[in-house]
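Visitor: Structure: final22.cif, mmCIF, C-alpha atoms.
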data_final
#
loop_
_atom_site.label_atom_id
_atom_site.label_comp_id
_atom_site.auth_asym_id
_atom_site.auth_seq_id
_atom_site.Cartn_x
_atom_site.Cartn_y
_atom_site.Cartn_z
CA MET E 13 6.89 -1.27 -1.33
CA PRO E 14 7.81 -0.87 2.04
CA ILE E 15 7.00 -4.36 3.15
CA ALA E 16 5.21 -6.25 0.47
CA ARG E 17 7.26 -6.31 -2.69
CA ALA E 18 10.45 -5.70 -0.79
CA ALA E 19 9.83 -8.75 1.35
CA LYS E 20 9.18 -11.29 -1.35
CA ARG E 21 8.83 -10.19 -4.95
CA ARG E 22 8.63 -13.10 -7.33
CA ALA E 23 8.94 -13.36 -11.09
CA VAL E 24 5.67 -14.39 -12.74
CA ASN E 25 4.30 -14.71 -16.24
CA LEU E 26 2.20 -11.58 -16.51
CA GLY E 27 0.36 -12.18 -19.76
CA ALA E 28 -0.41 -9.50 -22.29
CA VAL E 29 -0.90 -5.82 -21.60
CA VAL E 30 -2.49 -4.06 -24.56
CA LEU E 31 -0.92 -0.77 -25.59
CA ALA E 32 -2.96 1.45 -27.91
CA GLY E 33 -0.77 2.43 -30.83
CA ALA E 34 2.53 1.07 -31.99
CA LEU E 35 4.84 -0.67 -29.58
CA LEU E 36 8.06 1.03 -28.73
CA ALA E 37 11.00 0.70 -31.02
CA ALA E 38 14.12 -0.80 -29.52
CA CYS E 39 16.39 1.83 -28.12
CA GLY E 40 19.56 1.84 -30.16
CA GLY E 41 23.00 2.38 -28.79
CA SER E 42 26.61 2.32 -29.72
CA SER E 43 28.98 -0.33 -28.54
CA ASP E 44 29.76 -0.17 -24.88
CA SER E 45 33.35 0.75 -24.20
CA SER E 46 34.19 -1.57 -21.37
CA ASP E 47 36.49 -1.07 -18.45
CA SER E 48 38.44 -4.02 -19.79
CA ALA E 49 41.56 -3.60 -21.88
CA ASP E 50 40.45 -6.13 -24.52
CA GLY E 51 37.04 -4.51 -25.03
CA LYS E 52 35.18 -7.34 -23.32
CA VAL E 53 33.49 -6.86 -19.99
CA THR E 54 31.26 -8.88 -17.71
CA ILE E 55 28.90 -6.61 -15.78
CA THR E 56 27.68 -8.16 -12.55
CA VAL E 57 24.22 -7.20 -11.30
CA ASP E 58 22.99 -8.08 -7.80
CA LEU E 59 19.27 -7.62 -7.10
CA PHE E 60 16.47 -8.74 -4.80
CA GLY E 61 13.15 -10.26 -5.80
CA SER E 62 12.53 -9.91 -9.53
CA PHE E 63 13.21 -6.64 -11.30
CA GLY E 64 12.11 -8.33 -14.52
CA TYR E 65 15.06 -7.36 -16.73
CA LYS E 66 16.05 -10.92 -17.55
CA GLU E 67 12.45 -12.07 -17.94
CA ALA E 68 11.65 -9.18 -20.31
CA GLY E 69 14.70 -9.96 -22.46
CA LEU E 70 16.40 -6.63 -21.76
CA TYR E 71 19.77 -8.11 -20.82
CA GLU E 72 19.83 -10.11 -24.03
CA GLU E 73 18.90 -7.03 -26.04
CA TYR E 74 21.63 -4.95 -24.41
CA GLU E 75 24.26 -7.58 -25.09
CA LYS E 76 23.29 -7.61 -28.77
CA LEU E 77 23.51 -3.83 -28.94
CA ASN E 78 26.89 -3.90 -27.22
CA PRO E 79 29.15 -6.71 -28.51
CA GLY E 80 31.67 -7.80 -25.91
CA VAL E 81 29.36 -7.11 -22.97
CA THR E 82 28.09 -10.00 -20.85
CA ILE E 83 25.64 -9.44 -18.00
CA LYS E 84 25.50 -11.80 -15.05
CA GLN E 85 22.77 -11.36 -12.45
CA THR E 86 22.48 -12.78 -8.95
CA ASP E 87 19.22 -12.52 -7.07
CA THR E 88 18.05 -12.80 -3.46
CA GLU E 89 14.32 -13.39 -3.01
CA ASP E 90 13.95 -11.69 0.37
CA GLU E 91 14.95 -8.01 0.37
CA ALA E 92 15.72 -8.05 4.10
CA ASP E 93 18.28 -10.82 3.56
CA TYR E 94 19.67 -8.98 0.54
CA TRP E 95 20.07 -5.72 2.46
CA LYS E 96 21.80 -7.41 5.39
CA SER E 97 24.27 -9.08 3.05
CA LEU E 98 24.86 -5.83 1.17
CA GLN E 99 25.68 -4.01 4.41
CA THR E 100 28.26 -6.63 5.28
CA ARG E 101 29.91 -6.35 1.88
CA LEU E 102 29.85 -2.56 1.90
CA ALA E 103 31.56 -2.55 5.28
CA GLY E 104 34.25 -4.95 4.07
CA GLY E 105 34.59 -3.41 0.62
CA GLY E 106 34.63 -6.77 -1.16
CA GLY E 107 32.21 -9.06 -2.95
CA LEU E 108 30.17 -6.21 -4.42
CA ALA E 109 28.58 -6.35 -7.84
CA ASP E 110 29.01 -3.65 -10.48
CA VAL E 111 25.32 -2.83 -10.08
CA GLN E 112 23.42 -3.11 -6.80
CA GLY E 113 19.65 -2.76 -6.43
CA ILE E 114 18.36 -0.48 -3.66
CA GLU E 115 14.74 -0.65 -2.45
CA VAL E 116 13.01 2.70 -2.01
CA GLY E 117 12.64 2.13 1.73
CA ARG E 118 16.44 1.92 1.98
CA ILE E 119 17.45 4.78 -0.30
CA ALA E 120 17.51 7.31 2.56
CA SER E 121 20.07 5.15 4.31
CA VAL E 122 22.24 5.35 1.20
CA THR E 123 21.87 9.11 0.72
CA GLN E 124 22.24 10.03 4.39
CA GLN E 125 24.69 7.45 5.73
CA GLN E 126 26.44 5.63 2.88
CA ALA E 127 27.03 8.17 0.14
CA ASP E 128 30.74 7.47 0.40
CA LYS E 129 30.13 3.85 -0.53
CA PHE E 130 28.52 4.55 -3.91
CA GLU E 131 29.55 6.34 -7.07
CA ASP E 132 28.24 9.83 -7.68
CA LEU E 133 26.70 9.17 -11.07
CA LYS E 134 27.11 12.81 -12.06
CA LYS E 135 30.71 11.81 -12.80
CA TYR E 136 29.34 9.89 -15.78
CA GLY E 137 26.85 12.52 -16.92
CA ALA E 138 23.76 11.48 -14.95
CA GLU E 139 22.75 15.09 -14.30
CA GLU E 140 21.50 15.30 -17.89
CA LEU E 141 18.88 12.64 -17.06
CA LYS E 142 17.17 14.62 -14.30
CA ASN E 143 14.26 15.81 -16.41
CA GLU E 144 13.52 12.25 -17.54
CA PHE E 145 12.33 11.21 -14.08
CA ALA E 146 9.52 12.22 -11.79
CA ASP E 147 10.77 14.76 -9.24
CA ALA E 148 10.00 12.48 -6.31
CA LYS E 149 11.97 9.61 -7.82
CA TRP E 150 15.01 11.71 -8.65
CA SER E 151 15.19 13.68 -5.42
CA ALA E 152 14.99 10.60 -3.21
CA ALA E 153 18.33 9.33 -4.57
CA THR E 154 20.08 12.69 -4.27
CA GLY E 155 22.69 12.99 -1.53
CA LYS E 156 23.24 15.84 0.92
CA ASN E 157 25.83 17.41 -1.36
CA GLY E 158 23.88 16.91 -4.55
CA GLU E 159 25.32 13.50 -5.43
CA VAL E 160 23.27 11.30 -7.73
CA LEU E 161 23.53 7.92 -6.01
CA GLY E 162 21.13 5.83 -8.06
CA LEU E 163 18.85 5.81 -11.09
CA GLY E 164 15.18 5.03 -10.57
CA THR E 165 13.54 1.87 -11.85
CA ASP E 166 9.79 1.50 -11.26
CA VAL E 167 7.34 3.17 -8.91
CA GLY E 168 4.30 1.78 -7.12
CA PRO E 169 1.24 3.94 -7.92
CA GLU E 170 -1.75 2.48 -6.15
CA ALA E 171 -5.25 1.35 -7.04
CA MET E 172 -7.83 -1.11 -5.70
CA CYS E 173 -8.17 -4.54 -7.29
CA TYR E 174 -11.46 -6.35 -6.72
CA ARG E 175 -13.35 -9.52 -7.62
CA THR E 176 -16.39 -8.68 -9.74
CA ASP E 177 -17.86 -12.19 -9.35
CA LEU E 178 -17.80 -11.94 -5.56
CA PHE E 179 -19.22 -8.43 -5.64
CA LYS E 180 -22.17 -9.66 -7.71
CA LYS E 181 -22.89 -12.48 -5.27
CA ALA E 182 -22.89 -9.97 -2.41
CA GLY E 183 -25.20 -7.61 -4.26
CA LEU E 184 -22.61 -4.86 -4.72
CA PRO E 185 -22.04 -2.83 -7.90
CA THR E 186 -19.14 -3.88 -10.10
CA ASP E 187 -18.61 -0.80 -12.27
CA ARG E 188 -15.19 0.69 -11.53
CA GLU E 189 -16.39 4.29 -11.81
CA GLU E 190 -19.34 3.73 -9.47
CA LEU E 191 -17.15 1.99 -6.94
CA ALA E 192 -14.58 4.78 -7.07
CA GLN E 193 -17.34 7.14 -5.98
CA LYS E 194 -18.67 4.88 -3.26
CA TRP E 195 -15.22 4.39 -1.74
CA SER E 196 -13.79 7.82 -2.44
CA THR E 197 -12.81 7.85 1.24
CA TRP E 198 -11.42 5.08 3.40
CA ASP E 199 -14.47 5.33 5.65
CA GLY E 200 -16.57 4.64 2.58
CA TYR E 201 -14.39 1.65 1.75
CA VAL E 202 -14.81 0.18 5.23
CA GLU E 203 -18.58 0.74 5.17
CA LEU E 204 -18.85 -1.00 1.80
CA GLY E 205 -16.89 -3.87 3.30
CA LYS E 206 -19.41 -4.19 6.09
CA GLN E 207 -22.17 -4.35 3.48
CA TYR E 208 -20.23 -7.03 1.63
CA LEU E 209 -20.03 -9.27 4.69
CA LYS E 210 -23.81 -9.34 5.04
CA LYS E 211 -24.22 -11.35 1.81
CA ALA E 212 -20.68 -12.50 1.09
CA PRO E 213 -19.99 -16.03 -0.10
CA LYS E 214 -18.85 -18.34 2.66
CA LYS E 215 -15.21 -18.07 3.70
CA SER E 216 -14.79 -14.82 1.79
CA ALA E 217 -13.55 -11.66 3.53
CA TRP E 218 -13.43 -8.08 2.28
CA ILE E 219 -9.63 -7.65 2.32
CA ASP E 220 -6.62 -9.94 2.57
CA SER E 221 -5.10 -8.37 5.70
CA VAL E 222 -5.21 -5.14 7.64
CA GLY E 223 -1.45 -4.88 7.15
CA SER E 224 -1.98 -4.30 3.44
CA LEU E 225 -4.68 -1.73 4.23
CA TYR E 226 -2.31 0.16 6.53
CA SER E 227 0.57 0.04 4.03
CA ILE E 228 -1.51 1.43 1.20
CA MET E 229 -2.98 4.21 3.36
CA ILE E 230 0.36 5.35 4.71
CA GLY E 231 1.69 5.29 1.15
CA GLN E 232 -0.60 8.24 0.42
CA GLU E 233 1.16 10.50 2.89
CA LYS E 234 4.06 12.88 2.37
CA GLU E 235 5.30 12.42 5.94
CA ARG E 236 5.02 8.99 7.49
CA TYR E 237 7.74 8.03 9.92
CA TYR E 238 10.10 11.00 9.61
CA ASN E 239 9.66 14.70 8.97
CA ALA E 240 11.70 16.76 6.52
CA SER E 241 14.24 17.53 9.27
CA GLY E 242 14.95 13.83 9.74
CA ASP E 243 13.14 13.52 13.07
CA LEU E 244 11.12 10.42 13.94
CA ILE E 245 7.48 11.48 14.06
CA TRP E 246 5.57 8.24 13.67
CA GLU E 247 4.17 8.23 17.20
CA THR E 248 2.61 11.69 16.83
CA ASN E 249 1.84 11.73 13.11
CA PRO E 250 -1.96 12.17 12.80
CA ALA E 251 -1.97 10.64 9.31
CA LEU E 252 -0.31 7.49 10.62
CA LYS E 253 -2.77 7.33 13.52
CA THR E 254 -5.66 7.56 11.05
CA ALA E 255 -4.22 4.67 9.04
CA TRP E 256 -3.78 2.70 12.29
CA ASP E 257 -7.31 3.41 13.51
CA THR E 258 -8.87 2.51 10.16
CA SER E 259 -6.91 -0.74 10.04
CA VAL E 260 -7.94 -1.58 13.61
CA GLU E 261 -11.60 -0.93 12.74
CA ALA E 262 -11.30 -3.23 9.74
CA ALA E 263 -9.78 -5.94 11.93
CA GLU E 264 -12.35 -5.62 14.69
CA SER E 265 -15.21 -5.59 12.14
CA GLY E 266 -14.08 -8.93 10.74
CA LEU E 267 -13.26 -7.53 7.30
CA SER E 268 -9.90 -9.28 7.02
CA ALA E 269 -9.06 -12.76 5.78
CA LYS E 270 -6.11 -12.65 8.22
CA LEU E 271 -3.60 -13.78 5.62
CA ASP E 272 0.13 -13.12 5.71
CA GLN E 273 1.11 -11.56 2.44
CA TRP E 274 3.43 -13.76 0.35
CA SER E 275 2.51 -16.88 2.38
CA PRO E 276 1.34 -20.06 0.59
CA GLN E 277 -2.14 -19.51 2.04
CA TRP E 278 -2.23 -15.97 0.65
CA ASN E 279 -1.12 -17.18 -2.74
CA GLN E 280 -3.89 -19.77 -2.84
CA ALA E 281 -6.48 -17.20 -1.78
CA PHE E 282 -6.31 -15.33 -5.09
CA ALA E 283 -7.86 -18.28 -6.87
CA ALA E 284 -10.02 -19.46 -3.98
CA GLY E 285 -11.89 -16.18 -3.55
CA SER E 286 -10.87 -15.76 0.07
CA PHE E 287 -11.07 -11.98 -0.22
CA ALA E 288 -12.92 -9.59 -2.49
CA THR E 289 -10.57 -6.60 -2.58
CA ILE E 290 -6.87 -5.96 -2.27
CA PRO E 291 -5.02 -2.64 -2.44
CA CYS E 292 -2.74 -3.09 -5.42
CA PRO E 293 0.29 -1.11 -6.52
CA ALA E 294 0.94 -1.51 -10.23
CA TRP E 295 3.58 -4.17 -9.64
CA MET E 296 1.04 -6.45 -7.93
CA LEU E 297 -1.03 -6.98 -11.08
CA GLY E 298 1.43 -9.53 -12.39
CA TYR E 299 1.43 -11.32 -9.09
CA ILE E 300 -2.35 -11.58 -9.09
CA LYS E 301 -2.27 -13.04 -12.59
CA GLY E 302 0.34 -15.56 -11.58
CA GLN E 303 -1.61 -16.75 -8.55
CA ALA E 304 -5.19 -16.57 -9.87
CA GLY E 305 -4.20 -18.15 -13.18
CA ASP E 306 -6.18 -18.35 -16.40
CA ALA E 307 -9.37 -19.11 -14.51
CA GLY E 308 -9.20 -15.69 -12.88
CA LYS E 309 -9.23 -13.74 -16.13
CA GLY E 310 -12.27 -11.49 -16.27
CA THR E 311 -13.17 -11.99 -12.61
CA TRP E 312 -10.82 -9.21 -11.49
CA ASP E 313 -11.08 -5.48 -12.14
CA ILE E 314 -9.31 -2.29 -10.99
CA ALA E 315 -10.71 0.98 -9.64
CA LYS E 316 -9.30 4.21 -8.33
CA LEU E 317 -7.94 4.01 -4.79
CA PRO E 318 -9.87 5.49 -1.85
CA GLY E 319 -8.42 8.59 -0.25
CA GLY E 320 -6.37 9.93 -3.15
CA ALA E 321 -3.11 9.01 -4.86
CA GLY E 322 -0.22 7.25 -3.23
CA ASN E 323 2.88 5.19 -3.84
CA TRP E 324 3.88 1.79 -2.49
CA GLY E 325 7.14 0.57 -3.87
CA GLY E 326 9.94 1.23 -6.30
CA SER E 327 13.67 0.69 -6.48
CA TYR E 328 16.98 2.12 -7.70
CA LEU E 329 20.09 0.86 -9.44
CA ALA E 330 23.37 2.05 -7.94
CA VAL E 331 27.08 1.54 -8.63
CA PRO E 332 29.30 0.85 -5.59
CA LYS E 333 32.66 2.57 -5.42
CA ALA E 334 34.19 -0.90 -5.08
CA ALA E 335 32.69 -2.01 -8.41
CA LYS E 336 35.18 -3.36 -10.96
CA ASN E 337 33.45 -1.99 -14.07
CA LYS E 338 32.00 1.36 -13.06
CA GLU E 339 31.68 3.07 -16.42
CA ALA E 340 30.20 0.00 -18.07
CA ALA E 341 27.84 -0.41 -15.12
CA TYR E 342 26.63 3.18 -15.48
CA LYS E 343 25.99 2.75 -19.20
CA LEU E 344 23.92 -0.34 -18.44
CA ILE E 345 21.76 1.24 -15.74
CA LYS E 346 21.29 4.36 -17.86
CA TRP E 347 19.93 2.15 -20.64
CA LEU E 348 17.80 -0.04 -18.36
CA THR E 349 16.13 2.97 -16.75
CA ALA E 350 15.59 4.93 -19.98
CA PRO E 351 11.96 5.61 -20.94
CA GLU E 352 12.02 3.10 -23.81
CA GLN E 353 13.13 0.24 -21.59
CA GLN E 354 10.84 1.22 -18.71
CA ALA E 355 7.88 1.16 -21.08
CA LYS E 356 8.89 -2.26 -22.39
CA LEU E 357 9.21 -3.55 -18.85
CA PHE E 358 5.71 -2.32 -18.05
CA GLU E 359 4.32 -3.96 -21.17
CA LYS E 360 5.98 -7.29 -20.45
CA GLN E 361 6.26 -7.43 -16.66
CA GLY E 362 3.89 -4.82 -15.24
CA ASN E 363 6.48 -2.65 -13.48
CA PHE E 364 5.17 0.92 -13.71
CA PRO E 365 7.70 3.46 -15.03
CA SER E 366 9.30 6.23 -13.01
CA ALA E 367 10.55 7.93 -16.18
CA THR E 368 8.05 10.59 -17.19
CA GLY E 369 8.49 9.86 -20.87
CA ALA E 370 7.63 6.22 -20.31
CA ILE E 371 4.52 7.15 -18.30
CA ASP E 372 3.26 9.07 -21.32
CA LYS E 373 4.06 6.15 -23.64
CA VAL E 374 1.89 3.71 -21.63
CA ALA E 375 -0.99 6.12 -20.99
CA ASP E 376 -3.39 4.15 -23.22
CA ALA E 377 -2.50 0.71 -21.86
CA LYS E 378 -5.35 -1.64 -20.99
CA ASP E 379 -5.20 -5.04 -19.38
CA PRO E 380 -7.55 -7.71 -20.75
CA TYR E 381 -7.05 -9.89 -17.67
CA PHE E 382 -8.66 -7.17 -15.55
CA ASN E 383 -11.70 -6.60 -17.78
CA ASP E 384 -9.72 -4.23 -20.00
CA ALA E 385 -9.12 -1.88 -17.10
CA PRO E 386 -7.37 1.30 -18.31
CA ILE E 387 -4.27 0.65 -16.25
CA GLY E 388 -2.17 3.23 -18.06
CA GLN E 389 -4.61 5.93 -17.07
CA ILE E 390 -5.39 4.67 -13.54
CA PHE E 391 -1.80 4.17 -12.50
CA GLY E 392 -0.47 7.06 -14.56
CA ASP E 393 -2.81 9.51 -12.85
CA ALA E 394 -1.86 8.07 -9.47
CA ALA E 395 1.86 8.29 -10.24
CA LYS E 396 1.61 11.94 -11.24
CA ALA E 397 -0.51 12.89 -8.21
CA ALA E 398 1.36 10.90 -5.54
CA PRO E 399 3.10 13.06 -2.92
CA VAL E 400 6.86 13.49 -2.78
CA GLN E 401 7.44 11.38 0.30
CA VAL E 402 9.88 12.09 3.08
CA LEU E 403 12.04 8.98 3.41
CA GLY E 404 13.91 8.10 6.59
CA ILE E 405 16.75 5.73 7.28
CA HIS E 406 14.59 3.36 9.32
CA ASP E 407 11.33 3.49 7.36
CA GLN E 408 11.34 -0.25 6.77
CA ASN E 409 11.97 -1.09 10.41
CA VAL E 410 9.20 1.14 11.76
CA ALA E 411 6.71 -0.08 9.15
CA GLN E 412 7.44 -3.69 10.02
CA GLN E 413 6.82 -3.14 13.74
CA ILE E 414 3.50 -1.43 13.06
CA THR E 415 2.25 -4.16 10.75
CA ASN E 416 3.37 -6.75 13.30
CA ALA E 417 1.27 -4.98 15.92
CA LEU E 418 -1.75 -4.80 13.61
CA SER E 419 -1.39 -8.52 13.04
CA GLU E 420 -1.71 -9.02 16.81
CA VAL E 421 -5.02 -7.16 16.77
CA GLU E 422 -6.17 -9.05 13.69
CA ARG E 423 -5.10 -12.58 14.70
CA LYS E 424 -5.04 -12.64 18.49
CA GLY E 425 -7.60 -10.01 19.37
CA THR E 426 -4.95 -8.01 21.22
CA ASP E 427 -6.21 -4.72 22.62
CA PRO E 428 -5.20 -1.97 20.14
CA ASP E 429 -3.58 0.14 22.87
CA LYS E 430 -1.51 -2.84 23.96
CA ALA E 431 -0.55 -3.60 20.36
CA TRP E 432 0.46 0.04 19.83
CA SER E 433 2.65 -0.16 22.92
CA ASN E 434 4.22 -3.34 21.53
CA ALA E 435 4.95 -1.54 18.27
CA LYS E 436 6.66 1.25 20.18
CA LYS E 437 8.83 -1.22 22.07
CA GLY E 438 9.65 -3.01 18.84
CA VAL E 439 10.80 0.20 17.19
CA GLU E 440 12.93 1.10 20.21
CA ASN E 441 14.56 -2.33 20.23
CA THR E 442 15.14 -2.29 16.48
CA ILE E 443 16.56 1.17 15.92
CA GLY E 444 17.49 2.27 19.45
#
Can you present the structure in this file as structure tokens?
Guide:
Amino acid sequence: MPIARAAKRRAVNLGAVVLAGALLAACGGSSDSSDSADGKVTITVDLFGSFGYKEAGLYEEYEKLNPGVTIKQTDTEDEADYWKSLQTRLAGGGGLADVQGIEVGRIASVTQQQADKFEDLKKYGAEELKNEFADAKWSAATGKNGEVLGLGTDVGPEAMCYRTDLFKKAGLPTDREELAQKWSTWDGYVELGKQYLKKAPKKSAWIDSVGSLYSIMIGQEKERYYNASGDLIWETNPALKTAWDTSVEAAESGLSAKLDQWSPQWNQAFAAGSFATIPCPAWMLGYIKGQAGDAGKGTWDIAKLPGGAGNWGGSYLAVPKAAKNKEAAYKLIKWLTAPEQQAKLFEKQGNFPSATGAIDKVADAKDPYFNDAPIGQIFGDAAKAAPVQVLGIHDQNVAQQITNALSEVERKGTDPDKAWSNAKKGVENTIG
């Protein structure tokens, strides 16, 4: 997620996701031996946005499986605020929860700069879990000396969500397979957008914002802002420049609704039909349902993403060294990130699994809200084909400056070269 879900990820009622075959049996477990002398322990969990554990009933299930364990969660809506607060507490060594959430755009900071602040989970046997996770997910949380500094939650495999009713009015095909062929490349996607505008309903654009277009395109790349040696390469990265140029073309062609993601206006646009397509990581499906409501059921569909597979989002659960209940915290995050629980979370909340076993379990999932789109297959294929991305310590900061600059082009008509220069200055001021 670099920017979107990390910025403001809200809990929503996602509705039913249909899984072909029997639903998963609850994962059993023996009683949790707490760090407390009397066998009772309260595990504190501090997260950002909505990871969905409480909403999916997983905390309640774990407490039943482990008498004497109580889980208390605190939550900060904005990830940037959460991260700032976490840095303050890590520096002071106090006020930390037993479990802390880490957004994927921050995990490199943990592995490269703060490994001494978090437990090496190999101490508790985490190494045995390595084969349960996708290589990209596992390796990103591995420290310089082989430490396991977090267990992966979800990932953000990408697709394209679109409004079939608006497509029909504009004279465009609505079949997901046909569209996947027509927009197999991003150039094809932009050209189809230009066709859409010729007959589009009034006040309806092709895409919500060029910032979302840029984010999804750069999510398809192995190297984005840093190379494997840890050097900043964003200014000279040809893949990033392509994503920039395509986003600029979309802005200058009038394809964008010019909406700030997560703003009230953006939320209302899902029901109002203000845009016909939106690049959508798996986690965004629930958000669309929540904003478009019951009236939107059947008007949305999902097709394969232009340009190949990519990832936009995902998080980790980590245990600070200053945690009070380390062993109990590890047992909890091991259970929460196990394939059985990840599959349940996908079924109930839409968070796509990073555990390979869970990906296989949801392979036949369809979503009736999106015209029975085969979401297990679409997102599963994308998750397996997505590149192992190089993550840098300032990924979030650089991404934010670039999307800010694209917004200048989109909203103010700023010359792209001037906006690029502004992005460069913003990065320099932010990270030095």
Visitor: CA of Thr165 (chain E) and CA of Lys84 (chain E), how far apart in Å?
Guide: 18.4 Å
Visitor: Suppose you want the space between CA of Gly51 (chain E) and CA of Val81 (chain E); what is it in Å?
Guide: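 That distance, rounded to one decimal, is 8.4 Å.
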Visitor: Work out how far CA of Trp195 (chain E) is from CA of Gly320 (chain E), in Å to one decimal.
Guide: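 So the answer is 10.5 Å.
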Visitor: Within 12 Å of Asp128 (chain E), counting only C-alpha atoms, which residues qualify if same-chain residues fewer than 2 places away don't, as number ranges by chain?
Guide: E: 102-103, 105, 121-126, 130-132, 155-157, 159-161, 331-334
Visitor: Export, as a JSON list (two decimals), in the frame of the given file, the selected residues with C-alpha atoms.
Guide:
[["chain", "number", "residue", "atom", "x", "y", "z"],
["E", 102, "LEU", "CA", 29.85, -2.56, 1.90],
["E", 103, "ALA", "CA", 31.56, -2.55, 5.28],
["E", 105, "GLY", "CA", 34.59, -3.41, 0.62],
["E", 121, "SER", "CA", 20.07, 5.15, 4.31],
["E", 122, "VAL", "CA", 22.24, 5.35, 1.20],
["E", 123, "THR", "CA", 21.87, 9.11, 0.72],
["E", 124, "GLN", "CA", 22.24, 10.03, 4.39],
["E", 125, "GLN", "CA", 24.69, 7.45, 5.73],
["E", 126, "GLN", "CA", 26.44, 5.63, 2.88],
["E", 130, "PHE", "CA", 28.52, 4.55, -3.91],
["E", 131, "GLU", "CA", 29.55, 6.34, -7.07],
["E", 132, "ASP", "CA", 28.24, 9.83, -7.68],
["E", 155, "GLY", "CA", 22.69, 12.99, -1.53],
["E", 156, "LYS", "CA", 23.24, 15.84, 0.92],
["E", 157, "ASN", "CA", 25.83, 17.41, -1.36],
["E", 159, "GLU", "CA", 25.32, 13.50, -5.43],
["E", 160, "VAL", "CA", 23.27, 11.30, -7.73],
["E", 161, "LEU", "CA", 23.53, 7.92, -6.01],
["E", 331, "VAL", "CA", 27.08, 1.54, -8.63],
["E", 332, "PRO", "CA", 29.30, 0.85, -5.59],
["E", 333, "LYS", "CA", 32.66, 2.57, -5.42],
["E", 334, "ALA", "CA", 34.19, -0.90, -5.08]]
Visitor: Please determine, counting all atoms listed in the file, which residue among E:Leu163, E:Ile300, E:Ala288, E:Leu133 has the shortest atom-to-atom distance to Gln354 (chain E).
Guide: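 Ranked by minimum distance to Gln354 (chain E), first place goes to E:Leu163.
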Visitor: Nearest residue to Asp220 (chain E) out of E:Ala240, E:Ala307, E:Leu191, E:Leu271, using all atoms listed in the file?
Guide: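 Ranking E:Ala240, E:Ala307, E:Leu191, E:Leu271 by distance to Asp220 (chain E), first place goes to E:Leu271.
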Visitor: Counting only C-alpha atoms, which of E:Pro213, E:Gly162, E:Asn249, E:Trp95 gets nearest to Ala127 (chain E)?
Guide: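 Of the candidates, the smallest distance to Ala127 (chain E) is held by E:Gly162.
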Visitor: List the residues matched by the PyMOL selection byres ((chain E and resi 385) around 12) in the displayed structure as a ChimeraX atom specification, ordered by chain and then by residue number.
Guide: /E:29-31,171-174,187-189,297,309-316,376-384,386-391
Visitor: Taking the file above as input, evaluate the PyMOL selection byres ((chain E and resi 57) around 10) and report the hits as a list in words.
Guide: Thr54, Ile55, Thr56, Asp58, Leu59, Ile83, Lys84, Gln85, Thr86, Asp87, Leu108, Ala109, Asp110, Val111, Gln112, Gly113, Leu329, Ala330, Val331, Ala341, Leu344 and Ile345 of chain E
Visitor: For a quick check of understanding, using all atoms listed in the file, which of E:Gly242, E:Gly322, E:Gly308, E:Gly425 has the smallest distance to Ala120 (chain E)?
Guide: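 For Ala120 (chain E), the nearest of the given residues is E:Gly242.
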Visitor: Specify as a ChimeraX atom specification each residue included when the PyMOL selection byres ((chain E and resi 372) around 10) is applied to this file.
Guide: /E:351,355,365,367-371,373-376,388-389,392
Visitor: Using all atoms listed in the file, find the one residue out of E:Val439, E:Trp347, E:Phe60, E:Lys142 that sits nearest to Glu75 (chain E).
Guide: E:Trp347
Visitor: Excluding Ala398 (chain E) and its own-chain neighbours fewer than 3 positions away, which residues fall within 6 Å of it when counting all atoms listed in the file? Please give them as a list of chain:residue names.
Guide: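 In the requested form, the answer reads E:Ala321, E:Gly322, E:Ala394, E:Ala395.
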Visitor: Using only C-alpha atoms, which residues sit within 12 Å of Arg236 (chain E) once same-chain residues fewer than 4 positions away are excluded, as a compact mmCIF listing (two decimals) with C-alpha atoms, keeping the file's coordinate frame?
Guide:
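Result file is result.txt:
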# COMPACT_ATOMS: atom_id res chain seq x y z
CA PRO E 14 7.81 -0.87 2.04
CA GLY E 117 12.64 2.13 1.73
CA TYR E 226 -2.31 0.16 6.53
CA SER E 227 0.57 0.04 4.03
CA ILE E 228 -1.51 1.43 1.20
CA MET E 229 -2.98 4.21 3.36
CA ILE E 230 0.36 5.35 4.71
CA GLY E 231 1.69 5.29 1.15
CA GLN E 232 -0.60 8.24 0.42
CA ALA E 240 11.70 16.76 6.52
CA GLY E 242 14.95 13.83 9.74
CA ASP E 243 13.14 13.52 13.07
CA LEU E 244 11.12 10.42 13.94
CA ILE E 245 7.48 11.48 14.06
CA TRP E 246 5.57 8.24 13.67
CA GLU E 247 4.17 8.23 17.20
CA THR E 248 2.61 11.69 16.83
CA ASN E 249 1.84 11.73 13.11
CA PRO E 250 -1.96 12.17 12.80
CA ALA E 251 -1.97 10.64 9.31
CA LEU E 252 -0.31 7.49 10.62
CA LYS E 253 -2.77 7.33 13.52
CA THR E 254 -5.66 7.56 11.05
CA ALA E 255 -4.22 4.67 9.04
CA TRP E 256 -3.78 2.70 12.29
CA PRO E 399 3.10 13.06 -2.92
CA VAL E 400 6.86 13.49 -2.78
CA GLN E 401 7.44 11.38 0.30
CA VAL E 402 9.88 12.09 3.08
CA LEU E 403 12.04 8.98 3.41
CA GLY E 404 13.91 8.10 6.59
CA HIS E 406 14.59 3.36 9.32
CA ASP E 407 11.33 3.49 7.36
CA GLN E 408 11.34 -0.25 6.77
CA VAL E 410 9.20 1.14 11.76
CA ALA E 411 6.71 -0.08 9.15
CA ILE E 414 3.50 -1.43 13.06
Visitor: Counting all atoms listed in the file, which residue out of E:Ser265, E:Lys301, E:Ser196, E:Lys214 sits closest to Gly362 (chain E)?
Guide: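 Going through E:Ser265, E:Lys301, E:Ser196, E:Lys214 one by one, the smallest distance to Gly362 (chain E) is for E:Lys301.
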